[in-house]
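Dumped data_18.cif below, it's mmCIF, C-alpha atoms:
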```
data_model
#
loop_
_atom_site.label_atom_id
_atom_site.label_comp_id
_atom_site.auth_asym_id
_atom_site.auth_seq_id
_atom_site.Cartn_x
_atom_site.Cartn_y
_atom_site.Cartn_z
CA MET A 1 -32.21 23.91 54.50
CA ILE A 2 -34.73 24.12 57.36
CA ARG A 3 -33.24 27.33 58.75
CA TRP A 4 -32.86 28.68 55.22
CA LEU A 5 -36.55 28.27 54.43
CA ARG A 6 -37.68 29.48 57.84
CA ASP A 7 -35.65 32.65 57.27
CA TRP A 8 -37.42 32.99 53.94
CA TRP A 9 -40.78 32.47 55.64
CA HIS A 10 -40.06 35.27 58.11
CA GLY A 11 -39.35 37.70 55.32
CA ALA A 12 -35.63 37.40 54.55
CA PRO A 13 -34.89 37.97 50.83
CA ILE A 14 -34.09 34.32 50.07
CA ALA A 15 -35.76 32.38 47.26
CA ILE A 16 -35.72 28.91 45.83
CA SER A 17 -34.26 29.14 42.35
CA ASP A 18 -36.20 28.08 39.29
CA ALA A 19 -33.44 25.56 38.58
CA GLN A 20 -34.01 23.93 41.98
CA TRP A 21 -37.75 23.70 41.37
CA GLN A 22 -37.26 22.27 37.90
CA ALA A 23 -34.81 19.65 39.13
CA ALA A 24 -37.27 18.53 41.81
CA GLU A 25 -40.23 18.52 39.42
CA TYR A 26 -38.54 16.73 36.52
CA PRO A 27 -38.91 13.13 37.85
CA LEU A 28 -42.52 13.83 38.91
CA VAL A 29 -44.02 13.50 35.46
CA PHE A 30 -47.60 13.68 36.76
CA LEU A 31 -46.98 17.36 37.51
CA ASP A 32 -46.93 17.99 33.76
CA ARG A 33 -50.74 18.04 33.86
CA LEU A 34 -50.69 21.28 35.85
CA SER A 35 -51.17 24.65 34.22
CA ASP A 36 -48.52 27.33 34.74
CA GLU A 37 -50.73 29.00 37.34
CA GLU A 38 -51.29 25.72 39.21
CA ARG A 39 -47.58 24.90 39.15
CA GLN A 40 -46.74 28.29 40.64
CA ARG A 41 -49.31 27.83 43.41
CA LEU A 42 -47.95 24.35 44.10
CA ARG A 43 -44.44 25.76 44.46
CA GLU A 44 -45.68 28.39 46.90
CA LEU A 45 -47.53 25.77 48.95
CA ALA A 46 -44.51 23.48 48.97
CA ALA A 47 -42.16 26.25 50.13
CA THR A 48 -44.49 27.16 52.99
CA PHE A 49 -44.98 23.48 53.83
CA ILE A 50 -41.22 22.97 54.21
CA ALA A 51 -40.91 26.05 56.36
CA THR A 52 -43.72 25.15 58.74
CA LYS A 53 -43.02 21.44 59.30
CA GLU A 54 -40.21 19.88 61.34
CA TRP A 55 -37.89 17.72 59.25
CA ASN A 56 -35.63 14.96 60.51
CA ALA A 57 -33.43 12.39 58.81
CA ALA A 58 -32.95 8.87 60.15
CA GLY A 59 -30.73 5.91 59.36
CA GLY A 60 -27.81 8.05 58.29
CA LEU A 61 -29.69 9.83 55.51
CA GLN A 62 -28.34 13.23 54.46
CA LEU A 63 -31.43 15.43 54.22
CA THR A 64 -30.89 17.75 51.25
CA PRO A 65 -32.90 20.61 49.74
CA ALA A 66 -33.62 18.39 46.72
CA ILE A 67 -35.22 15.72 48.93
CA GLN A 68 -37.32 18.25 50.81
CA LEU A 69 -38.51 19.95 47.64
CA SER A 70 -39.52 16.63 46.05
CA ILE A 71 -41.42 15.45 49.12
CA ALA A 72 -43.10 18.82 49.60
CA LEU A 73 -44.28 19.01 45.98
CA GLN A 74 -45.84 15.55 46.21
CA ALA A 75 -47.34 16.18 49.64
CA CYS A 76 -48.91 19.45 48.55
CA LEU A 77 -50.35 18.25 45.26
CA PRO A 78 -53.43 16.70 46.95
CA ILE A 79 -54.13 19.94 48.86
CA LEU A 80 -53.44 22.26 45.94
CA ASN A 81 -57.05 23.44 45.99
CA LEU A 82 -57.72 22.68 49.66
CA GLY A 83 -55.05 24.62 51.54
CA LEU A 84 -52.30 23.88 54.04
CA ASP A 85 -54.71 23.90 56.98
CA TRP A 86 -55.67 20.36 55.93
CA TYR A 87 -52.27 19.35 57.33
CA ASP A 88 -52.77 21.11 60.66
CA GLY A 89 -52.45 19.24 63.95
CA TRP A 90 -49.03 17.66 63.38
CA VAL A 91 -45.58 18.88 62.39
CA GLY A 92 -43.06 16.06 61.99
CA ILE A 93 -41.64 14.44 58.87
CA VAL A 94 -38.97 11.75 59.25
CA VAL A 95 -37.12 10.54 56.16
CA TYR A 96 -35.23 7.23 55.95
CA PRO A 97 -32.76 5.99 53.30
CA GLY A 98 -34.84 3.25 51.69
CA ASP A 99 -37.35 1.08 53.47
CA PHE A 100 -37.16 0.76 57.25
CA VAL A 101 -38.41 -1.49 60.04
CA ILE A 102 -41.02 -0.68 62.70
CA PRO A 103 -41.26 -2.94 65.78
CA ARG A 104 -44.82 -4.24 66.23
CA GLN A 105 -46.76 -6.02 68.92
CA ILE A 106 -49.96 -8.00 68.47
CA VAL A 107 -52.00 -9.92 71.01
CA ASP A 108 -53.58 -13.17 69.83
CA GLU A 109 -56.91 -14.61 70.94
CA SER A 110 -55.21 -16.35 73.87
CA GLY A 111 -53.75 -13.08 75.14
CA VAL A 112 -50.21 -13.95 74.09
CA VAL A 113 -48.14 -10.95 72.95
CA HIS A 114 -46.19 -11.48 69.74
CA GLU A 115 -43.42 -9.08 68.76
CA PHE A 116 -42.09 -8.74 65.24
CA ASP A 117 -40.30 -6.33 62.91
CA ASP A 118 -42.41 -4.92 60.09
CA PRO A 119 -40.50 -3.59 57.03
CA VAL A 120 -42.36 -0.63 55.54
CA LEU A 121 -41.92 2.15 52.97
CA GLY A 122 -43.86 4.72 54.94
CA GLU A 123 -46.31 5.28 57.74
CA ALA A 124 -48.52 8.13 58.92
CA TRP A 125 -49.19 8.36 62.66
CA GLU A 126 -52.39 9.91 63.92
CA GLY A 127 -51.45 13.21 65.57
CA GLY A 128 -47.79 12.37 64.97
CA PRO A 129 -45.22 12.43 62.19
CA VAL A 130 -45.20 11.06 58.69
CA LEU A 131 -42.41 8.50 58.16
CA LEU A 132 -41.13 8.22 54.60
CA SER A 133 -38.56 6.21 52.68
CA TRP A 134 -36.41 8.08 50.21
CA PHE A 135 -35.03 6.52 47.03
CA ASP A 136 -32.77 8.52 44.75
CA ASN A 137 -34.10 6.44 41.85
CA LEU A 138 -37.90 6.30 42.00
CA ASN A 139 -37.85 3.23 39.74
CA GLU A 140 -36.55 1.24 42.73
CA ILE A 141 -40.04 1.14 44.22
CA GLY A 142 -41.96 0.70 40.98
CA ASP A 143 -45.29 2.32 40.21
CA VAL A 144 -45.88 3.65 43.72
CA SER A 145 -46.15 7.20 45.04
CA LEU A 146 -45.50 6.58 48.71
CA VAL A 147 -45.56 10.32 49.52
CA ILE A 148 -49.06 10.84 48.11
CA HIS A 149 -50.10 7.57 49.76
CA GLU A 150 -49.00 8.56 53.27
CA PHE A 151 -50.35 12.08 53.01
CA ALA A 152 -53.68 10.68 51.85
CA HIS A 153 -53.69 8.80 55.17
CA LYS A 154 -53.14 12.14 56.93
CA LEU A 155 -56.17 13.54 55.14
CA ASP A 156 -58.14 10.43 56.09
CA MET A 157 -57.25 11.10 59.74
CA GLY A 158 -58.66 14.62 59.52
CA ASN A 159 -62.03 13.59 60.92
CA GLY A 160 -60.72 11.16 63.51
CA GLU A 161 -60.90 7.50 62.50
CA THR A 162 -58.68 6.21 59.70
CA ASP A 163 -61.42 4.48 57.76
CA GLY A 164 -61.08 5.54 54.15
CA ILE A 165 -63.53 8.43 54.55
CA PRO A 166 -61.78 11.81 54.94
CA ARG A 167 -63.47 14.99 56.14
CA LEU A 168 -65.83 15.64 53.25
CA HIS A 169 -66.85 19.03 51.92
CA THR A 170 -70.34 20.38 52.48
CA ASN A 171 -71.32 19.61 48.88
CA MET A 172 -70.44 15.93 49.41
CA SER A 173 -72.13 13.15 51.35
CA VAL A 174 -70.92 10.07 53.18
CA GLU A 175 -73.69 8.11 51.45
CA ALA A 176 -72.46 9.03 47.97
CA TRP A 177 -68.85 8.37 49.00
CA THR A 178 -69.70 4.93 50.39
CA THR A 179 -71.86 4.08 47.36
CA ALA A 180 -68.81 4.72 45.17
CA PHE A 181 -66.06 3.24 47.31
CA ALA A 182 -67.64 0.18 48.94
CA PRO A 183 -68.42 -1.74 45.70
CA ALA A 184 -65.03 -0.85 44.25
CA TYR A 185 -63.25 -2.07 47.37
CA LYS A 186 -65.31 -5.27 47.37
CA ASP A 187 -64.50 -5.85 43.69
CA LEU A 188 -60.78 -5.38 44.28
CA CYS A 189 -60.82 -7.74 47.28
CA ARG A 190 -62.61 -10.37 45.18
CA ARG A 191 -60.06 -10.07 42.40
CA VAL A 192 -57.12 -10.25 44.81
CA ASP A 193 -58.58 -13.31 46.56
CA ALA A 194 -59.06 -14.98 43.16
CA GLY A 195 -55.44 -14.34 42.24
CA GLU A 196 -56.34 -12.05 39.35
CA GLU A 197 -54.14 -9.24 38.12
CA THR A 198 -55.58 -5.93 39.26
CA ALA A 199 -55.53 -2.51 37.64
CA ILE A 200 -54.41 -0.86 40.88
CA ASP A 201 -51.98 -2.02 43.55
CA PRO A 202 -53.49 -5.07 45.32
CA TYR A 203 -52.27 -3.61 48.61
CA ALA A 204 -55.41 -1.47 48.41
CA ALA A 205 -57.39 -4.58 49.40
CA GLU A 206 -55.79 -4.62 52.87
CA HIS A 207 -58.30 -2.13 54.36
CA PRO A 208 -60.69 0.60 53.16
CA ALA A 209 -58.15 3.18 54.37
CA GLU A 210 -55.48 1.62 52.15
CA PHE A 211 -57.94 1.58 49.25
CA PHE A 212 -58.46 5.33 49.64
CA ALA A 213 -54.70 5.97 49.83
CA VAL A 214 -53.90 3.82 46.79
CA ALA A 215 -56.83 5.28 44.84
CA SER A 216 -55.46 8.74 45.65
CA GLU A 217 -52.07 7.74 44.25
CA VAL A 218 -53.66 6.53 41.03
CA PHE A 219 -55.94 9.58 40.85
CA PHE A 220 -52.91 11.86 40.54
CA GLU A 221 -50.49 9.57 38.72
CA ALA A 222 -52.77 7.70 36.31
CA PRO A 223 -56.22 9.32 36.39
CA ASP A 224 -57.40 7.67 33.16
CA LEU A 225 -56.72 4.26 34.69
CA LEU A 226 -58.75 5.06 37.80
CA ARG A 227 -61.63 6.56 35.82
CA ASP A 228 -61.79 3.53 33.52
CA THR A 229 -61.54 1.02 36.39
CA TYR A 230 -63.64 2.65 39.11
CA PRO A 231 -65.37 5.69 37.58
CA ALA A 232 -67.52 6.46 40.63
CA VAL A 233 -64.41 6.52 42.83
CA TYR A 234 -62.72 8.87 40.37
CA THR A 235 -65.73 11.21 40.50
CA GLN A 236 -65.75 11.32 44.30
CA LEU A 237 -62.02 12.06 44.39
CA CYS A 238 -62.52 14.90 41.89
CA LEU A 239 -65.04 16.39 44.30
CA PHE A 240 -62.86 15.82 47.35
CA TYR A 241 -59.54 17.04 45.97
CA ARG A 242 -61.27 19.70 43.85
CA GLN A 243 -59.12 18.69 40.90
CA THR A 244 -59.76 16.96 37.58
CA PRO A 245 -56.35 15.55 36.65
CA ARG A 246 -57.62 13.98 33.42
#
```

What is this structure when it is put down as structure tokens?
Amino acid sequence: MIRWLRDWWHGAPIAISDAQWQAAEYPLVFLDRLSDEERQRLRELAATFIATKEWNAAGGLQLTPAIQLSIALQACLPILNLGLDWYDGWVGIVVYPGDFVIPRQIVDESGVVHEFDDPVLGEAWEGGPVLLSWFDNLNEIGDVSLVIHEFAHKLDMGNGETDGIPRLHTNMSVEAWTTAFAPAYKDLCRRVDAGEETAIDPYAAEHPAEFFAVASEVFFEAPDLLRDTYPAVYTQLCLFYRQTPR
């Protein structure tokens, strides 16, 4: 598949069939909000994205065209109106069959090093690859878009620190962004600490960067929910992504 699409990128008369696109798009119901023109542009972005990134499978996964097309469509949706240069500076995508384990080390206050295995669904490394779990049945992971989540982290890293504030456009301000996001994050943390049910994934309370990534998921998958819950956050994401998915 990688060679096939790179040949296409260099001008060989090879195309992805409409049936392949439709099969990849069918489970991604949030793409139904796109106009015909937007869907065509998304397909073009996704094809170029596949051709210009390095793909690897891990854990015995068989990396298929269907997997690559699905991941690429989800990864490119946030940059539909931004452009592929927002994913410059790194090339690797590693796909695992289901969740996987990353060895961690932490040093406690006494200087003692603790090692442990951390099971994860995905992880984006600054300057490095994006690691993703693949599930043939998306219902296995519930109401989560781990691809959009991890690629939101990549966008967050675009201005250096992973802090929940991506590289903003010239018509945006850090002050307005913080005024929208900080109270929403504080509210979610309060609700999680109180044991309340939350409108969005409580994992967003782990860190402002996770709040941005989860909010980005909801922005594309359930925009009405985000607008009703945190309207100022929804407005800032409309400005950042240059989309109005409602």

**Asked** If you measure from atom CA of Tyr203 of chain A to atom CA of Ile165 of chain A, what distance in Å do you get, rounded to one decimal?
**Response**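 Atom-to-atom, atom CA of Tyr203 of chain A and atom CA of Ile165 of chain A are spaced 17.5 Å apart.
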
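With only C-alpha atoms taken into account, the protein and nucleic acid residues at most 8 Å from Pro78 of chain A (excluding it and anything under 5 positions from it in its own chain) are Ile148, Ala152 and Tyr241 of chain A.
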
**Message:** List as an NGL selection string the protein and nucleic acid residues near Glu126 of chain A, meaning an atom at most 10 Å away when all atoms listed in the file are counted, but skip any in the same chain fewer than 3 places from it.
**Reply:** :A and (89-90 or 123 or 129-130 or 153-154 or 156-158 or 160-162)

**Picked residues, the PyMOL selection byres ((chain A and resi 207) around 10), as an MDAnalysis selection string** = chainID A and resid 162:164 185 189 203:206 208:213

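Across the model, the gap from atom CA of Ser133 of chain A to atom CA of Leu237 of chain A is 25.6 Å.
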
**Message:** Just the number, please: distance in Å from atom CA of Glu37 of chain A to atom CA of Leu77 of chain A, one decimal.
**Reply:**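 Between atom CA of Glu37 of chain A and atom CA of Leu77 of chain A the gap works out to 13.4 Å.
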
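For the structure in this document, the set picked by the PyMOL selection byres ((chain A and resi 38) around 12) is Leu31, Asp32, Arg33, Leu34, Ser35, Asp36, Glu37, Arg39, Gln40, Arg41, Leu42, Arg43, Glu44, Leu45, Leu73, Cys76, Leu77, Ile79, Leu80, Asn81, Gln243 and Pro245 of chain A.
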
**Item:** Residues in the PyMOL selection byres ((chain A and resi 219-228) around 10), expressed as a ChimeraX atom specification
**Value:** /A:28-31,33,74,77-78,143-145,148,199-200,213-218,229-235,237-238,241,243-246

**Selected residue of minimal separation from Ala180 of chain A among A:Arg167, A:Gly60, A:Ala15, A:Gln236, counting all atoms listed in the file** = A:Gln236

**Request:** Counting only C-alpha atoms, figure out which residue out of A:Thr64, A:Arg242, A:Asn56, A:Ala46 gets nearest to His169 of chain A.
**Result:**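 Nearest to His169 of chain A: A:Arg242.
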
**Request:** Go through A:Trp125, A:Ala75, A:Leu132, A:Trp21 one by one, measure the shortest atom-to-atom distance of each to Tyr96 of chain A using all atoms listed in the file, and give the residue with the smallest value.
**Result:** A:Leu132

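Nearest residue to Gln20 of chain A among A:Ala51, A:Leu146, A:Ala66, A:Val91 is A:Ala66, counting all atoms listed in the file.
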
**Asked** So, counting only C-alpha atoms, which residue among A:Pro97, A:Gly128, A:Pro27, A:Pro166 is closest to Leu61 of chain A?
**Response** A:Pro97

Using 3 Å of padding on each side, determine the axis-aligned box around all atoms of segment 30-48 of chain A present in the file and give its centre and edge lengths in Å to one decimal, as AutoDock Vina command-line options.
```
--center_x -46.7 --center_y 21.3 --center_z 43.4 --size_x 15.1 --size_y 21.3 --size_z 25.2
```
